[in-house]
Amino acid sequence: MNVQTLLVLSLLVPAAGAVFIVVLRNRPNLREAASLVAAGVLFGVVFRIHAAVTQGARPSVELAEPFPGIPVALEAEPLGVLFALVASFLWFVTTLYSIGYMRGHEEKNQTRFYVFFAYAIASVMGVAFSANLFTLFLFYEILSLTTFPLVTHAGTEAAKRAGRVYLGILFSTSIVFQLLAIVWTYRIAGTLDFQPGGILTGLSGGMLTVLLALFVFGIGKAAVMPFHRWLPAAMVAPTPVSALLHAVAVVKAGVFAILKIAVYVFGIEVITETGASLWLMWVAAATIILGSLVAFTKDNLKARLAYSTISQLSYVVLGAMLANRWGIIGGGMHIAMHAFGKITLFFCAGAIMVAAHETEVSRLKGLGRTMPVTFCAFFIGTLSIVGLPPAGGSWSKWFLGLGSLEAGQVGLVAVLMLSSLLSLAYLMEIPLKGFFFKAGGRGDPEGIREAPPFSLAAIVTTAAACLFLFVYPEPFFRLMSMVVGP
Amino acid sequence: MTGAVMDVLAWVLLLAGAFFTLTGALGMLRLPDVFTRMHAGSMTDTMGAGLILVGLCFRAGDPLIVVRLGLILLLLCFTSPISSYALAKAALHVGIRPYTRDRAGEGSEGGQPSRP
Amino acid sequence: MAEHFPILQVVVPLLLAPFCFLVRHGKVAWTLAVFGSLSALFISLNLLATVLASGPLSYAVGGWPPPFGIEYRIDAVNAWVLVLVSTVAAMVAPYAQASVEREVEARRIPLFYAAFLLCLAGLLGIAATGDVFNVFVFLEISSLSAYALISLGQDRRALTAAFRYLVMGSIGATFIVIGIGLLYAMTGTLNMADLAERIPEIADTRTVKVAYGFLAVGFFLKLALFPLHLWLPNAYTFAPSAVTAFLAATATKVAVYMLLRFSLTLFGAAFSFDVMRLDRILLLLAVVAIFSMSLVAIFQVNVKRLLAYSSVAQIGYMILGLSFASVTGLTATLLHLFNHALMKGALFMVLGCVAYRIGSVHIDAMAGLGKRMPLTMAAFVAGGLSLVGVPLTVGFISKWYLILGALEKGWWPVAGIVLVTSVMALVYVWRVVESAYFREFPRGDEKVAEAPFVLLAPTWALIFLNVYFGINAGRTIGAAESAARMLMEAVS
Amino acid sequence: MREEVILRVGAKVLTPFIVTFALYVHFHGDYSPGGGFQAGVILAAAFVLLALVYGLDAVQRVLPPWFVQTCAALGVLIFAGVGVVTLALGVNYLEYGILSHDPKHGQHYGILGVEAGVLVTVFGVMVTIFYLFAGRKRSDP
Amino acid sequence: MNLLVDQVVSSYNYWIVIFLMMVGFYILISRGNLIKKLVGLSIFQTSVFMLYISMGRITGGTAPILLDDPGAVYSNPLPHVLILTAIVVGIATTSVGLALVVRIKEAYGTVEEDEIHRIETEKGH
Amino acid sequence: MFTVVAVALLVAMALVMCRALLGPTAYDRVLALNNIGTMTVVLIAVLGFLSGRPDFLDLALVYTLINFIGTIAVLKYFEYGDLGAEAPGEGSTDAADAE
Amino acid sequence: MSRILGLWVILFIGWLLLSGHWESRLLLIFGAGTCTLAVYVAVRMRTLDAESVPFHLAGRALAYIPWLLWQILRSNVRVARMILSPRLSLDPAVVQFRSSQKTDLGRFIYANSITLTPGTVTTGINGDDFEVHAIARSEVDGSEENEMNRRVTVLEGPSS
Ligand code: NA
Ligand code: NA
């Protein structure tokens with residue numbers, strides 16, 4: 001099977017999975033098996049692509065040509081492969097987790113959930129392998145649409161409101177800023193193709209700054225302040241959806257897009273030489289700090305995690321804006337590292353919700369003793385997010401710090417450290433409360449047990465991955481090195 | 001010779017017709033109520049239109065045109081009294097009372113309802 | 001027979017119209033209407049193919065050579081308009097049967113189809129003819145039958161809406177015919193090609209400028225350019241669903257075509273833009289229209305009215321493209337002309353499906369329909385996304401060229417307005433979607449089923465075209481671009 | 001005995017002439033274009049006059065509403081049909097010359113045909129509209 | 001004398017057109033009665049006939065349209081046809097308008113615009 | 001001399017138009033308008049001569065008819081509020097309804 | 001039948017006068033058809049009777065019409081003088097009287113003759129009872145009205 005076919009398959013496999021899920025809607029076991037199989041096959045497909053790409057291949061395939069010269073086309077390059085690897089792997093894990101969670105929580109419309117989850121993954125593959133800005137935009141928008149039913153899964157008034165904010169911000173920013181930026185790019189460059197070294201050469205710094213800002217703010221999924229509100233709003237969704245949003249697909253698609261645009265549209269050198277991104281670095285830095293500070297004030301566990309995500313996403317944005325070797329490598333790796341860390345945390349939060357029906361941080365005291373695995377995993381996830389050994393997150397933070405130094409931005413290093421401290425504080429509170437505080441005022445401690453086995457398996461997997469990536473970050477590092485070149 | 005006579009005749013008829021038409025129009029303005037104005041109107045219809053059309057006949061040349069002029073005149077003479085009759089009858093029907101010398105003081109318009 | 005296609009394009013529906021009336025039987029009349037629309041489509045596609053293959057066609061009515069007799073002239077521009085109009089008709093006609101049966105009194109149904117065919121003939125005639133007075137005649141044929149069609153709506157407000165449309169439409173038509181008269185007085189010809197040759201010689205006379213003004217105002221009225229759009233919302237709201245779908249997709253488009261034809265082919269781009277400063281007026285009106293009407297649409301509760309206001313805004317986009325006075329802008333105009341017909345046709349047809357089942361298109365009445373009528377509402381979502389301008393739909397193509405045109409000019413705020421109003425479109429579309437998907441169906445036990453196949457099939461056919469021409473826009477773009485180039489370079 | 005004697009006799013005498021005149025205008029229309037339209041109006045006027053004087057019912061018995069409506073549609077058919085005949089004969093639409101050996105006569109026939117269509121339509125429409133209005137009581141004072 | 005009239009007719013025709021348009025338009029917007037509106041509209045449209053009639057005089061085209069042979073001098077029948085067509089259109093418009101008014105009268109019991117508006121707004125509340 | 005007549009007619013029409021505008025009763029207006037109609041007919045005839053195109057005369061004939069029928073219609077509407085009504089006191093010996 | 005023929009002939013004469021194209025066989029055929037249609041309409045409307053085709057009066061009308069024209073001329077002058085006199089000295093009156101005609105046609109002619117002569121307008125007919133509005137009482141006082149009545153009755157002929 002040649003690699004072009006694999007690229008198309010990366011879209012078709014999840015889509016076909018969705019079809020099977022619909023067909024098997026009345027037999028939950030088979031339905032979820034179909035989902036798992038699709039996820040497994042997809043990971044296999046992406047892994048094959050990965051193998052090809054690491055050997056230097058750049059397979060590409062054109063699906064359609066809506067405009068003359070602007071095709072819908074896929075191309076595999078290292079950054080996209082990295083993202084696709086993370087997403088496809090986490091789809092499998094999340095599906096595993098969902099089986100336990102959705103059943104344990106007795107959610108309605110489970111078929112719809114699995115179907116749109118599969119479609120969302122298909123869109124993510126489209127984003128990851130997009131060969132030009134138009135294709136990226138296209139799948140970006142499809143991703144917004146396919147995740148919408150997931151965000152509003154509950155169907156309640158609150159879900160409706162959340163859906164409004166979600167789609168409102170994502171669509172508005174993408175239409176008003178991103179689309180404008182894309183058309184402008186086309187107007188200047190005459191092409192929208194991603195090319196190593198970028199396509200915007202010979203432009204003045206001022207114009208570049210504006211264009212870059214249009215992209216950064218236009219990609220609302222990256223949740224750069226002030227366009228971050230959709231992410232906390234989307235908390236109403238079931239936990240697997242939160243996992244999808246925060247780790248697997250949506251926000252990652254956002255920061256991935258920024259990274260990809262920085263590298264392949266602007267070109268690292270162009271950004272560095274023109275200094276177009278200087279103030280945007282500080283916007284990212286501000287988001288990092290503010291996100292952490294807000295997270296501190298949240299008692300609701302998912303809300304706290306949501307603001308943590310906002311903060312962490314801007315690490316990637318920062319990496320892209322640094323636009324030097326270490327910044328890009330750090331940013332790219334942070335996509336993966338944060339994904340594994342954050343998904344662990346969300347899984348744990350969901351498990352706590354399913355098992356103990358608790359959502360507030362202040363009410364978790366003593367739970368660690370009844371749910372030790374979950375709380376251990378949470379602890380590992382925290383390490384990864386904060387960037388402490390022996391978790392994978394420490395690598396990406398390290399590289400970002402190097403990048404800041406290389407750019408001569410000592411202030412940014414300080415920001416990174418401060419943020420790490422803050423996140424350590426607001427995240428570590430949870431395992432601390434769980435293990436070292438006495439349970440107080442809870443009605444029925446006997447009824448609480450560990451999370452459902454499927455969920456637990458997922459949690460253990462991702463937590464283990466966090467540790468594993470500390471030991472073996474090699475694959476991601478190699479891919480990112482290919483991105484920035486020798 | 002006959003041509004000159006015809007021209008003069010046409011002149012006279014046309015001017016006379018114009019005179020009666022203008023007089024009728026003046027009557028339309030001067031006379032005090034709808035019934036008396038009808039007399040002025042029928043003046044235009046008969047002598048006014050009639051004399052002009054006959055005058056035109058003398059300048060026509062083509063008999064076909066004379067025929068048409070004659071037809072117009074005939075039609076006018078046929079329809080004009082019918083319209084007048086219908087008008088008078090309708091006006092009386094809705095209770096408009098004719099102006100008389102005795103009631104002249106009531107105002108020239110007779111103080112009748114203005115809308116049927 | 002093929003050499004007579006330019007005239008048959010118009011004559012076939014025109015000839016079938018009285019038959020509809022004469023048969024006095026709804027089903028038969030419908031069959032005639034479908035036949036008429038399909039043959040019109042067949043002919044128009046043939047014409048388009050011919051024009052693309054071998055250049056413009058000229059047909060002398062009465063066999064008299066063009067300057068004397070009436071000429072029918074088909075070129076790249078109006079061939080597309082013909083295809084557009086007849087495509088929509090071919091979709092609406094099959095759709096009408098069930099919809100009209102539900103919404104129009106049985107005894108008036110033959111009249112309905114007669115008026116429908118007349119309207120179609122009129123619209124096709126406007127596009128096909130190369131004689132300006134003929135344009136007026138066909139304009140009136142289409143308008144008068146449109147008034148009749150609108151007045152057949154269930155609500156009695158359809159009558160007042162039709163009356164208002166009649167008054168405003170007639171004023172517009174009168175302006176147009178005065179403009180035509182003045183041109184005729186100046187040039188002594190009514191033939192478009194002739195006029196295009198002669199007008200430049202006398203372009204600096206006051207009469208020509210006055211004629212231009214009359215024509216422009218007339219077209220503005222007919223195409224419902226803000227603020228002369230007042231007839232449109234009620235007319236679209238209260239007309240029978242099939243009529244709204246048909247008119248929304250065709251009538252204003254043909255009016256835009258007239259504006260393009262007169263201002264660019266007859267008067268020439270140079271005169272229109274450099275002397276008359278049409279672009280400035282249009283820019284102002286278009287921007288205000290787009291923004292204010294999108295805003296108004298957001299607050300509507302009757303979904304038909306909502307889409308009607310949206311139409312006024314969307315017409316603004318077409319005019320905006322023209323106001324760029326560039327090939328790219330004009331390409332955008334022509335693309336949106338075609339694309340908007342596809343999306344609005346589809347959306348109004350969706351509303352027809354809804355009205356068929358629940359008898360109302362109030363946003364509250366549509367609560368919970370997402371579950372009851374999934375295919376119908378899915379069509380709405382798809383059409384709505386096209387309206388917003390999401391990629392892979394035709395709406396995106398239009399927006400793309402509009403923004404490109406604006407950037408070409410360096411008009412950043414205009415590009416911004418196009419984008420912001422797209423978001424506003426999202427808002428008003430989304431209000432309907434929310435009602436359909438996030439609210440409970442109000443009447444629990446009442447059985448509301450999916451719309452019948454005969455309604456859904458044409459609706460989805462149009463939706464399919466929305467996507468097809470969104471994914472495969474090369475052909476439309478190519479055609480629009482070459483037409484735009486032709487219009488811009490006609491005389492200048 | 002009869003109040004309306006004047007109108008009655010007047011209408012009675014006038015109508016045959018109006019009808020004749022109407023068709024005169026039509027058949028001589030090709031010497032001054034548009035005869036069909038005027039003829040249709042005049043013909044309709046004859047029946048309007050009758051209806052005004054003798055009442056709507058009397059006229060509708062002779063000229064039922066369905067008949068005039070059919071006229072309206074039929075006229076359009078004739079109008080467009082003449083052109084189709086020329087198409088069928090292998091020349092351009094409305095190229096009347098083909099209708100006779102002598103092109104001049106052909107044009108004459110063609111124009112008469114088209115004008116006949118106009119006449120019938122206009123007549124039908126006018127009378128229909130009159131019917132629409134007659135027989136509806138004015139209700140506001 | 002003839003010349004004078006010709007002058008008057010040819011130079012003031014536009015003023016007549018404009019005057020009629022204004023009158024018609026004024027009636028159209030100032031009257032609430034739908035029938036009166038139609039009258040206004042008719043007057044408005046009449047301005048077109050005036051324009052074309054005066055144009056016919058300028059162009060001096062006179063009747064027949066029989067085309068003896070293509071090479072012959074071709075006398076222009078157009079102004080006539082145009083006026084007539086415009087009249088037909090005007091009458092057709094008025095007819096459709098009147099038909100609408102009749103149906104409005106049936107539906108609302110009035111042809112006064114403000115009353116119709118009142119009826120609709122009352123129904124709305 | 002046609003011109004003189006034409007001008008006289010126009011003046012007369014203007015005078016009568018004043019009456020039509022002044023009223024005061026609707027019948028005054030109808031009368032005035034009917035009168036203007038007659039003068040228009042004559043004017044058409046005169047203008048036909050003036051412009052050397054007497055084929056206007058057919059138009060004048062038509063106009064006479066329309067003027068007449070229009071007046072009758074308006075009066076009937078005023079009187080009965082209905083164009084189609086049979087006049088009261090109608091006998092049954094004339095029209096088609098006489099059986 | 002004679003009425004049908006008579007009407008047809010009159011109409012056809014009218015056609016010939018209007019048409020002027022006596023050489024065109026086609027137009028003559030059309031004319032014949034037209035007249036037939038007009039007669040047919042009259043027959044269908046049942047309006048074809050002695051009143052609508054007053055052939056029988058033709059001869060006597062030759063005597064009446066000149067007299068009527070003379071009366072019209074005279075009364076026009078009188079009314080014109082009245083209108084033009086600076087002091088509008090009117091004495092309008094409505095008078096009722098009986099006419100002596102025996103037929104509707106006779107009354108029709110009489111009433112219209114009255115109206116045609118300015119100064120008097122017939123305002124109502126009820127059988128033999130006439131109601132006339134006069135611009136001045138003098139218009140109806142004199143013998144002229146009686147004269148007109150007499151002449152129309154003569155015109156009517158001995159029997160209807
Ligand atoms: Na109109
Ligand atoms: Na009119």
# chains A, B, ... in the order shown; residues from 1 in each chain; ligands from 1

$ residues_near_ligand --ligand "ligand 2" --cutoff "10 Å" --atoms "only C-alpha atoms and all ligand atoms" --output "ChimeraX atom specification"
/C:170 /E:38-46,86-95,97

$ write_last_selection --atoms "C-alpha atoms" --output "mmCIF file, in the first residue's frame"
data_model
loop_
_atom_site.group_PDB
_atom_site.id
_atom_site.type_symbol
_atom_site.label_atom_id
_atom_site.label_comp_id
_atom_site.auth_asym_id
_atom_site.auth_seq_id
_atom_site.Cartn_x
_atom_site.Cartn_y
_atom_site.Cartn_z
ATOM 1 C CA SER C 170 -44.189 49.465 -11.168
ATOM 2 C CA LEU E 38 -53.458 52.916 -8.064
ATOM 3 C CA VAL E 39 -54.773 56.073 -9.661
ATOM 4 C CA GLY E 40 -51.568 57.780 -8.630
ATOM 5 C CA LEU E 41 -49.567 54.929 -10.062
ATOM 6 C CA SER E 42 -51.467 55.169 -13.321
ATOM 7 C CA ILE E 43 -50.750 58.852 -13.580
ATOM 8 C CA PHE E 44 -47.143 58.124 -12.796
ATOM 9 C CA GLN E 45 -47.047 55.631 -15.636
ATOM 10 C CA THR E 46 -48.851 58.034 -17.911
ATOM 11 C CA ALA E 86 -46.381 50.826 -22.482
ATOM 12 C CA ILE E 87 -50.105 51.489 -22.319
ATOM 13 C CA VAL E 88 -50.884 47.795 -22.335
ATOM 14 C CA VAL E 89 -48.382 47.272 -19.578
ATOM 15 C CA GLY E 90 -49.864 50.146 -17.618
ATOM 16 C CA ILE E 91 -53.359 48.797 -17.958
ATOM 17 C CA ALA E 92 -52.225 45.313 -17.090
ATOM 18 C CA THR E 93 -50.557 46.688 -13.994
ATOM 19 C CA THR E 94 -53.641 48.593 -13.011
ATOM 20 C CA SER E 95 -55.754 45.506 -13.623
ATOM 21 C CA GLY E 97 -53.614 46.058 -8.850
#

$ residues_around --residues "His117 in chain E" --least-positions-apart "5" --cutoff "12 Å" --atoms "only C-alpha atoms" --output "PyMOL selection string"
(chain C and resi 157+160-161) or (chain E and resi 32+108+110-112+122-124)

$ select_by_dssp --residues "chain D" --states "helix (DSSP H, G or I)" --output "PyMOL selection string"
chain D and resi 5-27+29-31+35-54+56-62+65-88+96-99+103-133

$ residues_around --residues "Gly55 in chain B" --least-positions-apart "4" --cutoff "6 Å" --atoms "only C-alpha atoms" --output "NGL selection string"
:B and (10 or 13-14 or 51)

$ write_last_selection --atoms "all heavy atoms" --output "mmCIF file, in the first residue's frame"
data_model
loop_
_atom_site.group_PDB
_atom_site.id
_atom_site.type_symbol
_atom_site.label_atom_id
_atom_site.label_comp_id
_atom_site.auth_asym_id
_atom_site.auth_seq_id
_atom_site.Cartn_x
_atom_site.Cartn_y
_atom_site.Cartn_z
ATOM 1 N N ALA B 10 -64.333 77.247 -43.593
ATOM 2 C CA ALA B 10 -63.662 76.475 -42.556
ATOM 3 C C ALA B 10 -63.204 77.375 -41.420
ATOM 4 O O ALA B 10 -63.409 77.094 -40.245
ATOM 5 C CB ALA B 10 -62.460 75.740 -43.162
ATOM 6 N N LEU B 13 -66.201 78.493 -39.379
ATOM 7 C CA LEU B 13 -66.736 77.406 -38.550
ATOM 8 C C LEU B 13 -65.795 77.080 -37.387
ATOM 9 O O LEU B 13 -66.226 76.917 -36.251
ATOM 10 C CB LEU B 13 -66.964 76.171 -39.410
ATOM 11 C CG LEU B 13 -68.153 76.269 -40.366
ATOM 12 C CD1 LEU B 13 -68.148 75.115 -41.355
ATOM 13 C CD2 LEU B 13 -69.458 76.284 -39.579
ATOM 14 N N LEU B 14 -64.523 76.994 -37.717
ATOM 15 C CA LEU B 14 -63.566 76.658 -36.662
ATOM 16 C C LEU B 14 -63.558 77.702 -35.567
ATOM 17 O O LEU B 14 -63.594 77.391 -34.370
ATOM 18 C CB LEU B 14 -62.162 76.511 -37.251
ATOM 19 C CG LEU B 14 -61.906 75.230 -38.053
ATOM 20 C CD1 LEU B 14 -60.535 75.290 -38.725
ATOM 21 C CD2 LEU B 14 -62.002 74.023 -37.150
ATOM 22 N N LEU B 51 -69.205 72.453 -34.658
ATOM 23 C CA LEU B 51 -68.711 73.410 -35.643
ATOM 24 C C LEU B 51 -67.251 73.152 -35.979
ATOM 25 O O LEU B 51 -66.845 73.240 -37.138
ATOM 26 C CB LEU B 51 -68.903 74.843 -35.126
ATOM 27 C CG LEU B 51 -70.371 75.296 -35.021
ATOM 28 C CD1 LEU B 51 -70.441 76.719 -34.493
ATOM 29 C CD2 LEU B 51 -71.068 75.194 -36.365
#

$ residues_around --residues "Ala60 in chain F" --least-positions-apart "6" --cutoff "10 Å" --atoms "only C-alpha atoms" --output "list of chain:residue names"
B:Arg68, B:Leu69, B:Ile72, F:Gly37, F:Thr38, F:Thr40, F:Val41, F:Val42, F:Leu43, F:Ile44, F:Ala45, F:Gly48, F:Ile66

$ residues_around --residues "Ala17 in chain C" --least-positions-apart "6" --cutoff "9 Å" --atoms "only C-alpha atoms" --output "list in words"
Ala29, Leu32, Ala33, Gly36, Leu111, Tyr113, Ala114, Ala115, Phe116, Leu117, Leu118 and Ala121 of chain C; Ala73, Val76 and Leu77 of chain D

$ closest_atom_pairs --of "chain C" --to "ligand 1" --cutoff "8 Å" --atoms "only C-alpha atoms and all ligand atoms" --output "tab-separated table"
residue	atom	partner	partner_atom_place_in_ligand_line	distance
C:Glu140	CA	ligand 1	1 (Na)	5.8
C:Ser143	CA	ligand 1	1 (Na)	7.0
C:Leu144	CA	ligand 1	1 (Na)	6.8
C:Leu166	CA	ligand 1	1 (Na)	6.5
C:Val167	CA	ligand 1	1 (Na)	7.3
C:Gly169	CA	ligand 1	1 (Na)	5.8
C:Ser170	CA	ligand 1	1 (Na)	3.2
C:Ile171	CA	ligand 1	1 (Na)	6.7
C:Gly172	CA	ligand 1	1 (Na)	7.6
C:Ala173	CA	ligand 1	1 (Na)	5.6
C:Thr174	CA	ligand 1	1 (Na)	6.9

$ decode --residues "range 62-81 of chain F" --atoms "N, CA, C and O atoms" --output "PDB file, in the first residue's frame"
ATOM      1  N   VAL F  62     -62.518  56.189 -30.757  1.00  0.00           N
ATOM      2  CA  VAL F  62     -62.394  55.303 -29.598  1.00  0.00           C
ATOM      3  C   VAL F  62     -62.567  56.097 -28.317  1.00  0.00           C
ATOM      4  O   VAL F  62     -63.280  55.696 -27.395  1.00  0.00           O
ATOM      5  N   TYR F  63     -61.949  57.252 -28.307  1.00  0.00           N
ATOM      6  CA  TYR F  63     -61.981  58.042 -27.081  1.00  0.00           C
ATOM      7  C   TYR F  63     -63.396  58.487 -26.752  1.00  0.00           C
ATOM      8  O   TYR F  63     -63.788  58.517 -25.584  1.00  0.00           O
ATOM      9  N   THR F  64     -64.148  58.842 -27.787  1.00  0.00           N
ATOM     10  CA  THR F  64     -65.535  59.225 -27.551  1.00  0.00           C
ATOM     11  C   THR F  64     -66.301  58.094 -26.853  1.00  0.00           C
ATOM     12  O   THR F  64     -67.018  58.313 -25.876  1.00  0.00           O
ATOM     13  N   LEU F  65     -66.094  56.921 -27.388  1.00  0.00           N
ATOM     14  CA  LEU F  65     -66.774  55.757 -26.806  1.00  0.00           C
ATOM     15  C   LEU F  65     -66.388  55.546 -25.350  1.00  0.00           C
ATOM     16  O   LEU F  65     -67.236  55.367 -24.470  1.00  0.00           O
ATOM     17  N   ILE F  66     -65.091  55.558 -25.132  1.00  0.00           N
ATOM     18  CA  ILE F  66     -64.610  55.273 -23.782  1.00  0.00           C
ATOM     19  C   ILE F  66     -65.103  56.337 -22.817  1.00  0.00           C
ATOM     20  O   ILE F  66     -65.502  56.059 -21.675  1.00  0.00           O
ATOM     21  N   ASN F  67     -65.072  57.574 -23.271  1.00  0.00           N
ATOM     22  CA  ASN F  67     -65.544  58.681 -22.445  1.00  0.00           C
ATOM     23  C   ASN F  67     -66.999  58.457 -22.034  1.00  0.00           C
ATOM     24  O   ASN F  67     -67.369  58.604 -20.865  1.00  0.00           O
ATOM     25  N   PHE F  68     -67.772  58.049 -22.981  1.00  0.00           N
ATOM     26  CA  PHE F  68     -69.195  57.825 -22.728  1.00  0.00           C
ATOM     27  C   PHE F  68     -69.390  56.675 -21.730  1.00  0.00           C
ATOM     28  O   PHE F  68     -70.042  56.821 -20.686  1.00  0.00           O
ATOM     29  N   ILE F  69     -68.789  55.564 -22.062  1.00  0.00           N
ATOM     30  CA  ILE F  69     -69.011  54.387 -21.212  1.00  0.00           C
ATOM     31  C   ILE F  69     -68.440  54.616 -19.818  1.00  0.00           C
ATOM     32  O   ILE F  69     -69.041  54.240 -18.811  1.00  0.00           O
ATOM     33  N   GLY F  70     -67.315  55.293 -19.782  1.00  0.00           N
ATOM     34  CA  GLY F  70     -66.733  55.593 -18.478  1.00  0.00           C
ATOM     35  C   GLY F  70     -67.657  56.447 -17.637  1.00  0.00           C
ATOM     36  O   GLY F  70     -67.849  56.187 -16.438  1.00  0.00           O
ATOM     37  N   THR F  71     -68.226  57.457 -18.244  1.00  0.00           N
ATOM     38  CA  THR F  71     -69.138  58.333 -17.499  1.00  0.00           C
ATOM     39  C   THR F  71     -70.337  57.552 -16.973  1.00  0.00           C
ATOM     40  O   THR F  71     -70.719  57.684 -15.801  1.00  0.00           O
ATOM     41  N   ILE F  72     -70.902  56.747 -17.849  1.00  0.00           N
ATOM     42  CA  ILE F  72     -72.058  55.954 -17.424  1.00  0.00           C
ATOM     43  C   ILE F  72     -71.679  55.047 -16.251  1.00  0.00           C
ATOM     44  O   ILE F  72     -72.416  54.926 -15.260  1.00  0.00           O
ATOM     45  N   ALA F  73     -70.507  54.438 -16.381  1.00  0.00           N
ATOM     46  CA  ALA F  73     -70.079  53.521 -15.323  1.00  0.00           C
ATOM     47  C   ALA F  73     -69.920  54.247 -13.999  1.00  0.00           C
ATOM     48  O   ALA F  73     -70.403  53.789 -12.960  1.00  0.00           O
ATOM     49  N   VAL F  74     -69.265  55.400 -14.038  1.00  0.00           N
ATOM     50  CA  VAL F  74     -69.049  56.142 -12.800  1.00  0.00           C
ATOM     51  C   VAL F  74     -70.382  56.545 -12.174  1.00  0.00           C
ATOM     52  O   VAL F  74     -70.608  56.401 -10.968  1.00  0.00           O
ATOM     53  N   LEU F  75     -71.277  57.025 -13.040  1.00  0.00           N
ATOM     54  CA  LEU F  75     -72.567  57.459 -12.506  1.00  0.00           C
ATOM     55  C   LEU F  75     -73.332  56.280 -11.915  1.00  0.00           C
ATOM     56  O   LEU F  75     -73.954  56.403 -10.857  1.00  0.00           O
ATOM     57  N   LYS F  76     -73.245  55.170 -12.584  1.00  0.00           N
ATOM     58  CA  LYS F  76     -73.966  54.016 -12.060  1.00  0.00           C
ATOM     59  C   LYS F  76     -73.377  53.600 -10.713  1.00  0.00           C
ATOM     60  O   LYS F  76     -74.096  53.232  -9.788  1.00  0.00           O
ATOM     61  N   TYR F  77     -72.069  53.691 -10.629  1.00  0.00           N
ATOM     62  CA  TYR F  77     -71.425  53.327  -9.376  1.00  0.00           C
ATOM     63  C   TYR F  77     -71.854  54.276  -8.262  1.00  0.00           C
ATOM     64  O   TYR F  77     -72.165  53.859  -7.152  1.00  0.00           O
ATOM     65  N   PHE F  78     -71.895  55.570  -8.591  1.00  0.00           N
ATOM     66  CA  PHE F  78     -72.349  56.546  -7.598  1.00  0.00           C
ATOM     67  C   PHE F  78     -73.773  56.251  -7.157  1.00  0.00           C
ATOM     68  O   PHE F  78     -74.115  56.355  -5.986  1.00  0.00           O
ATOM     69  N   GLU F  79     -74.584  55.890  -8.111  1.00  0.00           N
ATOM     70  CA  GLU F  79     -76.003  55.772  -7.822  1.00  0.00           C
ATOM     71  C   GLU F  79     -76.319  54.467  -7.090  1.00  0.00           C
ATOM     72  O   GLU F  79     -77.093  54.450  -6.149  1.00  0.00           O
ATOM     73  N   TYR F  80     -75.720  53.382  -7.550  1.00  0.00           N
ATOM     74  CA  TYR F  80     -76.090  52.080  -6.989  1.00  0.00           C
ATOM     75  C   TYR F  80     -74.955  51.428  -6.197  1.00  0.00           C
ATOM     76  O   TYR F  80     -75.167  50.425  -5.542  1.00  0.00           O
ATOM     77  N   GLY F  81     -73.783  51.992  -6.313  1.00  0.00           N
ATOM     78  CA  GLY F  81     -72.658  51.383  -5.622  1.00  0.00           C
ATOM     79  C   GLY F  81     -72.295  50.039  -6.210  1.00  0.00           C
ATOM     80  O   GLY F  81     -71.646  49.209  -5.576  1.00  0.00           O
TER      81      GLY F  81
END
